[in-house]
file coords_15.pdb (PDB, C-alpha atoms and all ligand atoms)
MODEL        1
ATOM      1  CA  MET A   1     -13.076   3.549  -6.597  1.00  0.00           C
ATOM      2  CA  GLU A   2     -14.190   2.550 -10.128  1.00  0.00           C
ATOM      3  CA  ARG A   3     -12.199   5.378 -11.730  1.00  0.00           C
ATOM      4  CA  ILE A   4      -9.372   3.336 -13.235  1.00  0.00           C
ATOM      5  CA  PRO A   5     -10.295   0.689 -15.805  1.00  0.00           C
ATOM      6  CA  VAL A   6      -8.771  -2.276 -13.983  1.00  0.00           C
ATOM      7  CA  LEU A   7      -9.556  -5.826 -15.143  1.00  0.00           C
ATOM      8  CA  PHE A   8     -12.652  -6.064 -12.911  1.00  0.00           C
ATOM      9  CA  SER A   9     -14.024  -2.785 -14.260  1.00  0.00           C
ATOM     10  CA  LEU A  10     -13.345  -3.773 -17.862  1.00  0.00           C
ATOM     11  CA  ALA A  11     -15.013  -7.174 -17.356  1.00  0.00           C
ATOM     12  CA  LYS A  12     -18.068  -5.488 -15.750  1.00  0.00           C
ATOM     13  CA  ARG A  13     -18.352  -3.260 -18.819  1.00  0.00           C
ATOM     14  CA  GLY A  14     -18.470  -6.332 -21.038  1.00  0.00           C
ATOM     15  CA  ILE A  15     -14.950  -5.998 -22.392  1.00  0.00           C
ATOM     16  CA  SER A  16     -13.225  -9.310 -22.981  1.00  0.00           C
ATOM     17  CA  VAL A  17     -10.268  -9.748 -20.620  1.00  0.00           C
ATOM     18  CA  PRO A  18      -8.075 -12.844 -20.310  1.00  0.00           C
ATOM     19  CA  SER A  19      -8.761 -13.333 -16.592  1.00  0.00           C
ATOM     20  CA  VAL A  20      -9.955 -11.420 -13.547  1.00  0.00           C
ATOM     21  CA  VAL A  21      -8.050 -13.706 -11.194  1.00  0.00           C
ATOM     22  CA  CYS A  22      -5.581 -11.959  -8.887  1.00  0.00           C
ATOM     23  CA  PRO A  23      -2.102 -12.640 -10.273  1.00  0.00           C
ATOM     24  CA  ILE A  24      -0.600 -12.875  -6.785  1.00  0.00           C
ATOM     25  CA  CYS A  25      -2.908 -15.239  -4.900  1.00  0.00           C
ATOM     26  CA  GLU A  26      -4.855 -16.578  -7.887  1.00  0.00           C
ATOM     27  CA  GLU A  27      -8.299 -15.820  -6.475  1.00  0.00           C
ATOM     28  CA  GLU A  28     -11.010 -13.683  -7.991  1.00  0.00           C
ATOM     29  CA  HIS A  29     -11.142 -10.458  -5.989  1.00  0.00           C
ATOM     30  CA  LEU A  30     -10.376  -6.790  -6.007  1.00  0.00           C
ATOM     31  CA  MET A  31      -7.048  -5.542  -4.673  1.00  0.00           C
ATOM     32  CA  ILE A  32      -8.616  -4.585  -1.344  1.00  0.00           C
ATOM     33  CA  SER A  33      -9.449  -8.186  -0.405  1.00  0.00           C
ATOM     34  CA  CYS A  34      -6.236  -9.758  -1.675  1.00  0.00           C
ATOM     35  CA  ASP A  35      -4.561 -12.050   0.885  1.00  0.00           C
ATOM     36  CA  PHE A  36      -1.148 -10.659  -0.056  1.00  0.00           C
ATOM     37  CA  ALA A  37      -2.357  -7.053   0.318  1.00  0.00           C
ATOM     38  CA  GLN A  38      -3.836  -7.902   3.698  1.00  0.00           C
ATOM     39  CA  MET A  39      -0.474  -9.364   4.810  1.00  0.00           C
ATOM     40  CA  VAL A  40       1.207  -6.126   3.732  1.00  0.00           C
ATOM     41  CA  TRP A  41      -1.362  -4.023   5.644  1.00  0.00           C
ATOM     42  CA  SER A  42      -0.827  -6.213   8.692  1.00  0.00           C
ATOM     43  CA  VAL A  43       2.909  -5.481   8.632  1.00  0.00           C
ATOM     44  CA  ILE A  44       2.205  -1.781   8.014  1.00  0.00           C
ATOM     45  CA  THR A  45      -0.086  -1.513  11.056  1.00  0.00           C
ATOM     46  CA  SER A  46       2.478  -3.260  13.216  1.00  0.00           C
ATOM     47  CA  TRP A  47       5.276  -1.004  11.931  1.00  0.00           C
ATOM     48  CA  CYS A  48       3.267   2.193  12.363  1.00  0.00           C
ATOM     49  CA  LYS A  49       1.756   1.025  15.650  1.00  0.00           C
ATOM     50  CA  VAL A  50      -1.875   1.503  14.638  1.00  0.00           C
ATOM     51  CA  PRO A  51      -4.748  -0.930  15.250  1.00  0.00           C
ATOM     52  CA  SER A  52      -5.430  -3.604  12.634  1.00  0.00           C
ATOM     53  CA  ILE A  53      -7.057  -2.365   9.460  1.00  0.00           C
ATOM     54  CA  TYR A  54     -10.442  -3.611   8.294  1.00  0.00           C
ATOM     55  CA  ALA A  55     -10.909  -1.806   5.000  1.00  0.00           C
ATOM     56  CA  PHE A  56     -13.791  -2.497   2.661  1.00  0.00           C
ATOM     57  CA  SER A  57     -12.736  -0.049  -0.035  1.00  0.00           C
ATOM     58  CA  VAL A  58      -9.748   1.948  -1.209  1.00  0.00           C
ATOM     59  CA  LYS A  59     -11.534   4.992   0.218  1.00  0.00           C
ATOM     60  CA  ASP A  60     -11.305   3.387   3.679  1.00  0.00           C
ATOM     61  CA  LEU A  61      -7.526   3.056   3.214  1.00  0.00           C
ATOM     62  CA  LEU A  62      -7.233   6.661   2.051  1.00  0.00           C
ATOM     63  CA  GLU A  63      -9.017   7.868   5.201  1.00  0.00           C
ATOM     64  CA  LEU A  64      -7.157   5.728   7.760  1.00  0.00           C
ATOM     65  CA  HIS A  65      -4.938   8.609   8.855  1.00  0.00           C
ATOM     66  CA  LYS A  66      -8.039  10.524  10.014  1.00  0.00           C
ATOM     67  CA  TYR A  67      -8.811   7.877  12.595  1.00  0.00           C
ATOM     68  CA  THR A  68      -5.430   7.669  14.288  1.00  0.00           C
ATOM     69  CA  PHE A  69      -4.596   9.558  17.434  1.00  0.00           C
ATOM     70  CA  PHE A  70      -1.362  10.813  15.887  1.00  0.00           C
ATOM     71  CA  PRO A  71      -0.411  14.472  16.028  1.00  0.00           C
ATOM     72  CA  LYS A  72      -1.068  16.262  12.727  1.00  0.00           C
ATOM     73  CA  ARG A  73       2.465  15.849  11.279  1.00  0.00           C
ATOM     74  CA  LYS A  74       2.611  12.174  12.105  1.00  0.00           C
ATOM     75  CA  ALA A  75      -0.907  11.606  10.715  1.00  0.00           C
ATOM     76  CA  LYS A  76       0.235  13.210   7.456  1.00  0.00           C
ATOM     77  CA  ALA A  77       3.290  10.952   7.383  1.00  0.00           C
ATOM     78  CA  PHE A  78       1.043   7.948   7.994  1.00  0.00           C
ATOM     79  CA  TYR A  79      -1.137   9.102   5.086  1.00  0.00           C
ATOM     80  CA  VAL A  80       1.989   9.065   2.899  1.00  0.00           C
ATOM     81  CA  VAL A  81       2.751   5.536   4.115  1.00  0.00           C
ATOM     82  CA  CYS A  82      -0.795   4.460   3.159  1.00  0.00           C
ATOM     83  CA  LEU A  83      -0.506   6.017  -0.302  1.00  0.00           C
ATOM     84  CA  THR A  84       2.901   4.418  -0.765  1.00  0.00           C
ATOM     85  CA  THR A  85       1.526   1.038   0.316  1.00  0.00           C
ATOM     86  CA  ILE A  86      -1.300   1.181  -2.224  1.00  0.00           C
ATOM     87  CA  TRP A  87       1.192   2.229  -4.903  1.00  0.00           C
ATOM     88  CA  CYS A  88       3.682  -0.544  -4.048  1.00  0.00           C
ATOM     89  CA  ILE A  89       1.035  -3.302  -3.989  1.00  0.00           C
ATOM     90  CA  TRP A  90      -0.298  -2.067  -7.328  1.00  0.00           C
ATOM     91  CA  ARG A  91       3.218  -1.916  -8.741  1.00  0.00           C
ATOM     92  CA  ALA A  92       4.127  -5.413  -7.462  1.00  0.00           C
ATOM     93  CA  ARG A  93       1.043  -6.836  -9.183  1.00  0.00           C
ATOM     94  CA  ASN A  94       1.977  -5.080 -12.427  1.00  0.00           C
ATOM     95  CA  VAL A  95       5.601  -6.252 -12.245  1.00  0.00           C
ATOM     96  CA  LEU A  96       4.324  -9.824 -11.816  1.00  0.00           C
ATOM     97  CA  VAL A  97       1.852  -9.536 -14.708  1.00  0.00           C
ATOM     98  CA  PHE A  98       3.990  -7.609 -17.180  1.00  0.00           C
ATOM     99  CA  GLU A  99       7.520  -8.695 -16.268  1.00  0.00           C
ATOM    100  CA  GLY A 100       6.873 -12.117 -14.750  1.00  0.00           C
ATOM    101  CA  LYS A 101       8.809 -11.256 -11.578  1.00  0.00           C
ATOM    102  CA  SER A 102       7.550 -12.920  -8.407  1.00  0.00           C
ATOM    103  CA  VAL A 103       6.101 -10.910  -5.543  1.00  0.00           C
ATOM    104  CA  SER A 104       7.829 -10.976  -2.169  1.00  0.00           C
ATOM    105  CA  LEU A 105       6.473  -9.530   1.069  1.00  0.00           C
ATOM    106  CA  ASN A 106       9.987  -8.510   2.121  1.00  0.00           C
ATOM    107  CA  ASN A 107      10.658  -6.737  -1.167  1.00  0.00           C
ATOM    108  CA  VAL A 108       7.342  -4.893  -1.115  1.00  0.00           C
ATOM    109  CA  MET A 109       7.864  -3.846   2.520  1.00  0.00           C
ATOM    110  CA  GLY A 110      11.391  -2.667   1.701  1.00  0.00           C
ATOM    111  CA  GLU A 111      10.051  -0.598  -1.177  1.00  0.00           C
ATOM    112  CA  ILE A 112       7.255   0.875   0.968  1.00  0.00           C
ATOM    113  CA  LYS A 113       9.675   1.880   3.730  1.00  0.00           C
ATOM    114  CA  THR A 114      12.230   3.317   1.316  1.00  0.00           C
ATOM    115  CA  LEU A 115       9.764   5.287  -0.811  1.00  0.00           C
ATOM    116  CA  SER A 116       7.681   6.554   2.096  1.00  0.00           C
ATOM    117  CA  PHE A 117      10.858   7.672   3.886  1.00  0.00           C
ATOM    118  CA  LEU A 118      11.997   9.576   0.787  1.00  0.00           C
ATOM    119  CA  TRP A 119       8.573  11.108   0.143  1.00  0.00           C
ATOM    120  CA  VAL A 120       7.976  12.135   3.765  1.00  0.00           C
ATOM    121  CA  LYS A 121      11.549  13.411   4.132  1.00  0.00           C
ATOM    122  CA  ASN A 122      11.518  15.463   0.941  1.00  0.00           C
ATOM    123  CA  ARG A 123       7.918  16.711   1.003  1.00  0.00           C
ATOM    124  CA  GLY A 124       7.468  17.266   4.719  1.00  0.00           C
ATOM    125  CA  LYS A 125       8.436  20.578   6.258  1.00  0.00           C
ATOM    126  CA  HIS A 126      10.393  20.756   9.476  1.00  0.00           C
ATOM    127  CA  LEU A 127      10.634  17.006   9.873  1.00  0.00           C
ATOM    128  CA  ASP A 128      13.674  15.547  11.556  1.00  0.00           C
ATOM    129  CA  LEU A 129      13.480  12.108  10.039  1.00  0.00           C
ATOM    130  CA  THR A 130      16.515   9.874   9.746  1.00  0.00           C
ATOM    131  CA  TRP A 131      17.233   6.450   8.356  1.00  0.00           C
ATOM    132  CA  ASP A 132      17.905   4.196  11.351  1.00  0.00           C
ATOM    133  CA  ASN A 133      20.769   1.677  11.388  1.00  0.00           C
ATOM    134  CA  GLY A 134      21.004   1.745   7.609  1.00  0.00           C
ATOM    135  CA  SER A 135      18.015  -0.561   7.304  1.00  0.00           C
ATOM    136  CA  GLU A 136      14.827   1.449   7.714  1.00  0.00           C
ATOM    137  CA  PHE A 137      13.366   4.546   9.250  1.00  0.00           C
ATOM    138  CA  LYS A 138      11.490   4.315  12.474  1.00  0.00           C
ATOM    139  CA  PHE A 139       7.950   5.588  12.262  1.00  0.00           C
ATOM    140  CA  THR A 140       8.355   8.071  15.054  1.00  0.00           C
ATOM    141  CA  LEU A 141       8.025  11.734  14.255  1.00  0.00           C
TER     142      LEU A 141
HETATM  143 ZN    ZN B   1      -4.822 -11.544  -4.418  1.00  0.00          ZN
ENDMDL
END
call {"tool": "encode", "arguments": {"input": "coords_15.pdb", "output": "structure tokens", "more": "lines below"}}
Ligand SMILES: [Zn+2]
result
Amino acid sequence: MERIPVLFSLAKRGISVPSVVCPICEEEHLMISCDFAQMVWSVITSWCKVPSIYAFSVKDLLELHKYTFFPKRKAKAFYVVCLTTIWCIWRARNVLVFEGKSVSLNNVMGEIKTLSFLWVKNRGKHLDLTWDNGSEFKFTL
């Protein structure tokens, strides 16, 4: 949304940056069009049982919950999942760049499910959400 000075934004402003190539898939693009991010969103849509996502901006991702047919509480929980997904993809890229740790779809999905469960469970009122089989929570509210 051009509010955070990411590498692309800095380069557009004429600031010298080492590279604007995506550290995960090694192509020149913004986070929204990253192949890895699109794989994550594909798993998210399957998990949450929503149609495939065709987002052209971060704003599109932030408004996805408005276009589901979920009841209000579940739409809010899905919004949390979307926020968590953006956060976890961003964090995985930073961990790769700054700590040299590789990015794994399974690890990112595990983090998204764990964090979104904790955030929905602890911030949501009157939600009866449980961790299923010790492995993940089911996205049914
Ligand atoms: Zn990429």
call {"tool": "resolve_selection", "arguments": {"input": "coords_15.pdb", "expression": "the PyMOL selection byres (((chain A and resi 67-72) around 12) and not hetatm)", "output": "VMD selection string"}}
result
chain A and resid 45 48 to 53 60 to 66 73 to 79 124 139 to 141
call {"tool": "residues_near_point", "arguments": {"input": "coords_15.pdb", "point": "(8.4, -1.3, -8.7)", "cutoff": "12 Å", "atoms": "all atoms listed in the file", "output": "number ranges by chain"}}
result
A: 84-96, 98-99, 101-104, 107-112, 114-115
call {"tool": "atom_distance", "arguments": {"input": "coords_15.pdb", "atom1": "atom ZN of ligand ZN 1 (chain B)", "atom2": "atom CA of A:Val120"}}
result
28.1 Å
call {"tool": "atom_distance", "arguments": {"input": "coords_15.pdb", "atom1": "atom CA of A:Val80", "atom2": "atom CA of A:Arg123"}}
result
9.9 Å
call {"tool": "closest_atom_pairs", "arguments": {"input": "coords_15.pdb", "of": "chain A", "to": "ligand ZN 1 (chain B)", "cutoff": "10 Å", "atoms": "only C-alpha atoms and all ligand atoms", "output": "CSV"}}
result
residue,atom,partner,partner_atom,distance
A:Val21,CA,B:ZN1,ZN,7.8
A:Cys22,CA,B:ZN1,ZN,4.6
A:Pro23,CA,B:ZN1,ZN,6.5
A:Ile24,CA,B:ZN1,ZN,5.0
A:Cys25,CA,B:ZN1,ZN,4.2
A:Glu26,CA,B:ZN1,ZN,6.1
A:Glu27,CA,B:ZN1,ZN,5.9
A:Glu28,CA,B:ZN1,ZN,7.5
A:His29,CA,B:ZN1,ZN,6.6
A:Leu30,CA,B:ZN1,ZN,7.5
A:Met31,CA,B:ZN1,ZN,6.4
A:Ile32,CA,B:ZN1,ZN,8.5
A:Ser33,CA,B:ZN1,ZN,7.0
A:Cys34,CA,B:ZN1,ZN,3.6
A:Asp35,CA,B:ZN1,ZN,5.3
A:Phe36,CA,B:ZN1,ZN,5.8
A:Ala37,CA,B:ZN1,ZN,7.0
A:Gln38,CA,B:ZN1,ZN,9.0
A:Arg93,CA,B:ZN1,ZN,8.9
call {"tool": "atom_distance", "arguments": {"input": "coords_15.pdb", "atom1": "atom CA of A:Ala55", "atom2": "atom CA of A:Trp41"}}
result
9.8 Å
call {"tool": "axis_aligned_box", "arguments": {"input": "coords_15.pdb", "around": "stretch 33-46 of chain A", "padding_each_side": "5 Å", "output": "AutoDock Vina command-line options"}}
result
--center_x -3.3 --center_y -6.8 --center_z 5.8 --size_x 22.4 --size_y 20.5 --size_z 24.9
call {"tool": "closest_residue", "arguments": {"input": "coords_15.pdb", "among": "A:Ile44, A:Ser9, A:Leu118, A:Val81", "to": "A:Leu105", "atoms": "only C-alpha atoms"}}
result
A:Ile44
call {"tool": "decode", "arguments": {"input": "coords_15.pdb", "residues": "stretch 65-102 of chain A", "atoms": "N, CA and C atoms", "output": "PDB file, in the first residue's frame"}}
result
ATOM      1  N   HIS A  65     -12.496 -10.857   3.471  1.00  0.00           N
ATOM      2  CA  HIS A  65     -13.531 -11.318   4.402  1.00  0.00           C
ATOM      3  C   HIS A  65     -14.892 -10.701   4.090  1.00  0.00           C
ATOM      4  N   LYS A  66     -14.901  -9.544   3.421  1.00  0.00           N
ATOM      5  CA  LYS A  66     -16.172  -8.879   3.098  1.00  0.00           C
ATOM      6  C   LYS A  66     -16.923  -9.603   1.992  1.00  0.00           C
ATOM      7  N   TYR A  67     -16.208 -10.421   1.241  1.00  0.00           N
ATOM      8  CA  TYR A  67     -16.820 -11.061   0.085  1.00  0.00           C
ATOM      9  C   TYR A  67     -17.058 -12.560   0.291  1.00  0.00           C
ATOM     10  N   THR A  68     -17.019 -12.989   1.535  1.00  0.00           N
ATOM     11  CA  THR A  68     -17.368 -14.374   1.834  1.00  0.00           C
ATOM     12  C   THR A  68     -18.850 -14.402   2.203  1.00  0.00           C
ATOM     13  N   PHE A  69     -19.392 -15.570   2.254  1.00  0.00           N
ATOM     14  CA  PHE A  69     -20.785 -15.691   2.701  1.00  0.00           C
ATOM     15  C   PHE A  69     -20.824 -16.202   4.139  1.00  0.00           C
ATOM     16  N   PHE A  70     -19.722 -15.989   4.864  1.00  0.00           N
ATOM     17  CA  PHE A  70     -19.656 -16.433   6.252  1.00  0.00           C
ATOM     18  C   PHE A  70     -20.545 -15.566   7.131  1.00  0.00           C
ATOM     19  N   PRO A  71     -21.066 -16.161   8.214  1.00  0.00           N
ATOM     20  CA  PRO A  71     -21.710 -15.331   9.233  1.00  0.00           C
ATOM     21  C   PRO A  71     -20.671 -14.352   9.800  1.00  0.00           C
ATOM     22  N   LYS A  72     -21.152 -13.311  10.462  1.00  0.00           N
ATOM     23  CA  LYS A  72     -20.277 -12.217  10.900  1.00  0.00           C
ATOM     24  C   LYS A  72     -19.071 -12.695  11.726  1.00  0.00           C
ATOM     25  N   ARG A  73     -19.309 -13.581  12.700  1.00  0.00           N
ATOM     26  CA  ARG A  73     -18.198 -14.046  13.561  1.00  0.00           C
ATOM     27  C   ARG A  73     -17.157 -14.799  12.757  1.00  0.00           C
ATOM     28  N   LYS A  74     -17.615 -15.641  11.854  1.00  0.00           N
ATOM     29  CA  LYS A  74     -16.682 -16.423  11.057  1.00  0.00           C
ATOM     30  C   LYS A  74     -15.941 -15.523  10.062  1.00  0.00           C
ATOM     31  N   ALA A  75     -16.607 -14.518   9.522  1.00  0.00           N
ATOM     32  CA  ALA A  75     -15.949 -13.566   8.621  1.00  0.00           C
ATOM     33  C   ALA A  75     -14.841 -12.817   9.366  1.00  0.00           C
ATOM     34  N   LYS A  76     -15.116 -12.470  10.630  1.00  0.00           N
ATOM     35  CA  LYS A  76     -14.085 -11.791  11.427  1.00  0.00           C
ATOM     36  C   LYS A  76     -12.895 -12.717  11.669  1.00  0.00           C
ATOM     37  N   ALA A  77     -13.190 -13.980  11.946  1.00  0.00           N
ATOM     38  CA  ALA A  77     -12.111 -14.954  12.156  1.00  0.00           C
ATOM     39  C   ALA A  77     -11.309 -15.132  10.870  1.00  0.00           C
ATOM     40  N   PHE A  78     -11.986 -15.142   9.741  1.00  0.00           N
ATOM     41  CA  PHE A  78     -11.288 -15.253   8.457  1.00  0.00           C
ATOM     42  C   PHE A  78     -10.415 -14.024   8.215  1.00  0.00           C
ATOM     43  N   TYR A  79     -10.896 -12.858   8.628  1.00  0.00           N
ATOM     44  CA  TYR A  79     -10.095 -11.631   8.524  1.00  0.00           C
ATOM     45  C   TYR A  79      -8.805 -11.779   9.336  1.00  0.00           C
ATOM     46  N   VAL A  80      -8.917 -12.355  10.531  1.00  0.00           N
ATOM     47  CA  VAL A  80      -7.732 -12.599  11.358  1.00  0.00           C
ATOM     48  C   VAL A  80      -6.774 -13.558  10.644  1.00  0.00           C
ATOM     49  N   VAL A  81      -7.321 -14.590  10.017  1.00  0.00           N
ATOM     50  CA  VAL A  81      -6.488 -15.531   9.268  1.00  0.00           C
ATOM     51  C   VAL A  81      -5.750 -14.798   8.140  1.00  0.00           C
ATOM     52  N   CYS A  82      -6.450 -13.900   7.449  1.00  0.00           N
ATOM     53  CA  CYS A  82      -5.806 -13.142   6.357  1.00  0.00           C
ATOM     54  C   CYS A  82      -4.694 -12.246   6.894  1.00  0.00           C
ATOM     55  N   LEU A  83      -4.960 -11.548   7.990  1.00  0.00           N
ATOM     56  CA  LEU A  83      -3.925 -10.701   8.590  1.00  0.00           C
ATOM     57  C   LEU A  83      -2.729 -11.542   9.024  1.00  0.00           C
ATOM     58  N   THR A  84      -3.019 -12.678   9.641  1.00  0.00           N
ATOM     59  CA  THR A  84      -1.957 -13.567  10.107  1.00  0.00           C
ATOM     60  C   THR A  84      -1.138 -14.094   8.930  1.00  0.00           C
ATOM     61  N   THR A  85      -1.808 -14.395   7.830  1.00  0.00           N
ATOM     62  CA  THR A  85      -1.114 -14.898   6.642  1.00  0.00           C
ATOM     63  C   THR A  85      -0.151 -13.844   6.096  1.00  0.00           C
ATOM     64  N   ILE A  86      -0.621 -12.621   5.973  1.00  0.00           N
ATOM     65  CA  ILE A  86       0.250 -11.539   5.495  1.00  0.00           C
ATOM     66  C   ILE A  86       1.452 -11.399   6.429  1.00  0.00           C
ATOM     67  N   TRP A  87       1.181 -11.400   7.724  1.00  0.00           N
ATOM     68  CA  TRP A  87       2.245 -11.271   8.724  1.00  0.00           C
ATOM     69  C   TRP A  87       3.262 -12.408   8.597  1.00  0.00           C
ATOM     70  N   CYS A  88       2.782 -13.641   8.469  1.00  0.00           N
ATOM     71  CA  CYS A  88       3.674 -14.806   8.447  1.00  0.00           C
ATOM     72  C   CYS A  88       4.506 -14.863   7.158  1.00  0.00           C
ATOM     73  N   ILE A  89       3.928 -14.452   6.029  1.00  0.00           N
ATOM     74  CA  ILE A  89       4.711 -14.413   4.788  1.00  0.00           C
ATOM     75  C   ILE A  89       5.801 -13.342   4.904  1.00  0.00           C
ATOM     76  N   TRP A  90       5.409 -12.195   5.423  1.00  0.00           N
ATOM     77  CA  TRP A  90       6.364 -11.095   5.633  1.00  0.00           C
ATOM     78  C   TRP A  90       7.498 -11.545   6.559  1.00  0.00           C
ATOM     79  N   ARG A  91       7.108 -12.192   7.647  1.00  0.00           N
ATOM     80  CA  ARG A  91       8.084 -12.651   8.633  1.00  0.00           C
ATOM     81  C   ARG A  91       9.014 -13.725   8.048  1.00  0.00           C
ATOM     82  N   ALA A  92       8.459 -14.648   7.259  1.00  0.00           N
ATOM     83  CA  ALA A  92       9.290 -15.701   6.648  1.00  0.00           C
ATOM     84  C   ALA A  92      10.330 -15.086   5.719  1.00  0.00           C
ATOM     85  N   ARG A  93       9.911 -14.077   4.953  1.00  0.00           N
ATOM     86  CA  ARG A  93      10.868 -13.388   4.068  1.00  0.00           C
ATOM     87  C   ARG A  93      11.963 -12.716   4.886  1.00  0.00           C
ATOM     88  N   ASN A  94      11.592 -12.072   5.982  1.00  0.00           N
ATOM     89  CA  ASN A  94      12.589 -11.403   6.821  1.00  0.00           C
ATOM     90  C   ASN A  94      13.523 -12.401   7.493  1.00  0.00           C
ATOM     91  N   VAL A  95      13.005 -13.527   7.939  1.00  0.00           N
ATOM     92  CA  VAL A  95      13.842 -14.550   8.572  1.00  0.00           C
ATOM     93  C   VAL A  95      14.853 -15.090   7.556  1.00  0.00           C
ATOM     94  N   LEU A  96      14.418 -15.246   6.303  1.00  0.00           N
ATOM     95  CA  LEU A  96      15.331 -15.693   5.249  1.00  0.00           C
ATOM     96  C   LEU A  96      16.414 -14.645   4.997  1.00  0.00           C
ATOM     97  N   VAL A  97      16.012 -13.384   4.867  1.00  0.00           N
ATOM     98  CA  VAL A  97      16.958 -12.313   4.548  1.00  0.00           C
ATOM     99  C   VAL A  97      17.911 -12.048   5.711  1.00  0.00           C
ATOM    100  N   PHE A  98      17.390 -11.928   6.912  1.00  0.00           N
ATOM    101  CA  PHE A  98      18.208 -11.477   8.031  1.00  0.00           C
ATOM    102  C   PHE A  98      18.824 -12.597   8.852  1.00  0.00           C
ATOM    103  N   GLU A  99      18.259 -13.803   8.774  1.00  0.00           N
ATOM    104  CA  GLU A  99      18.816 -14.910   9.555  1.00  0.00           C
ATOM    105  C   GLU A  99      19.294 -16.057   8.676  1.00  0.00           C
ATOM    106  N   GLY A 100      19.022 -15.972   7.384  1.00  0.00           N
ATOM    107  CA  GLY A 100      19.482 -16.991   6.448  1.00  0.00           C
ATOM    108  C   GLY A 100      18.768 -18.324   6.579  1.00  0.00           C
ATOM    109  N   LYS A 101      17.621 -18.337   7.261  1.00  0.00           N
ATOM    110  CA  LYS A 101      16.860 -19.585   7.425  1.00  0.00           C
ATOM    111  C   LYS A 101      15.938 -19.786   6.232  1.00  0.00           C
ATOM    112  N   SER A 102      15.892 -21.003   5.704  1.00  0.00           N
ATOM    113  CA  SER A 102      15.079 -21.262   4.524  1.00  0.00           C
ATOM    114  C   SER A 102      13.586 -21.171   4.854  1.00  0.00           C
TER     115      SER A 102
END
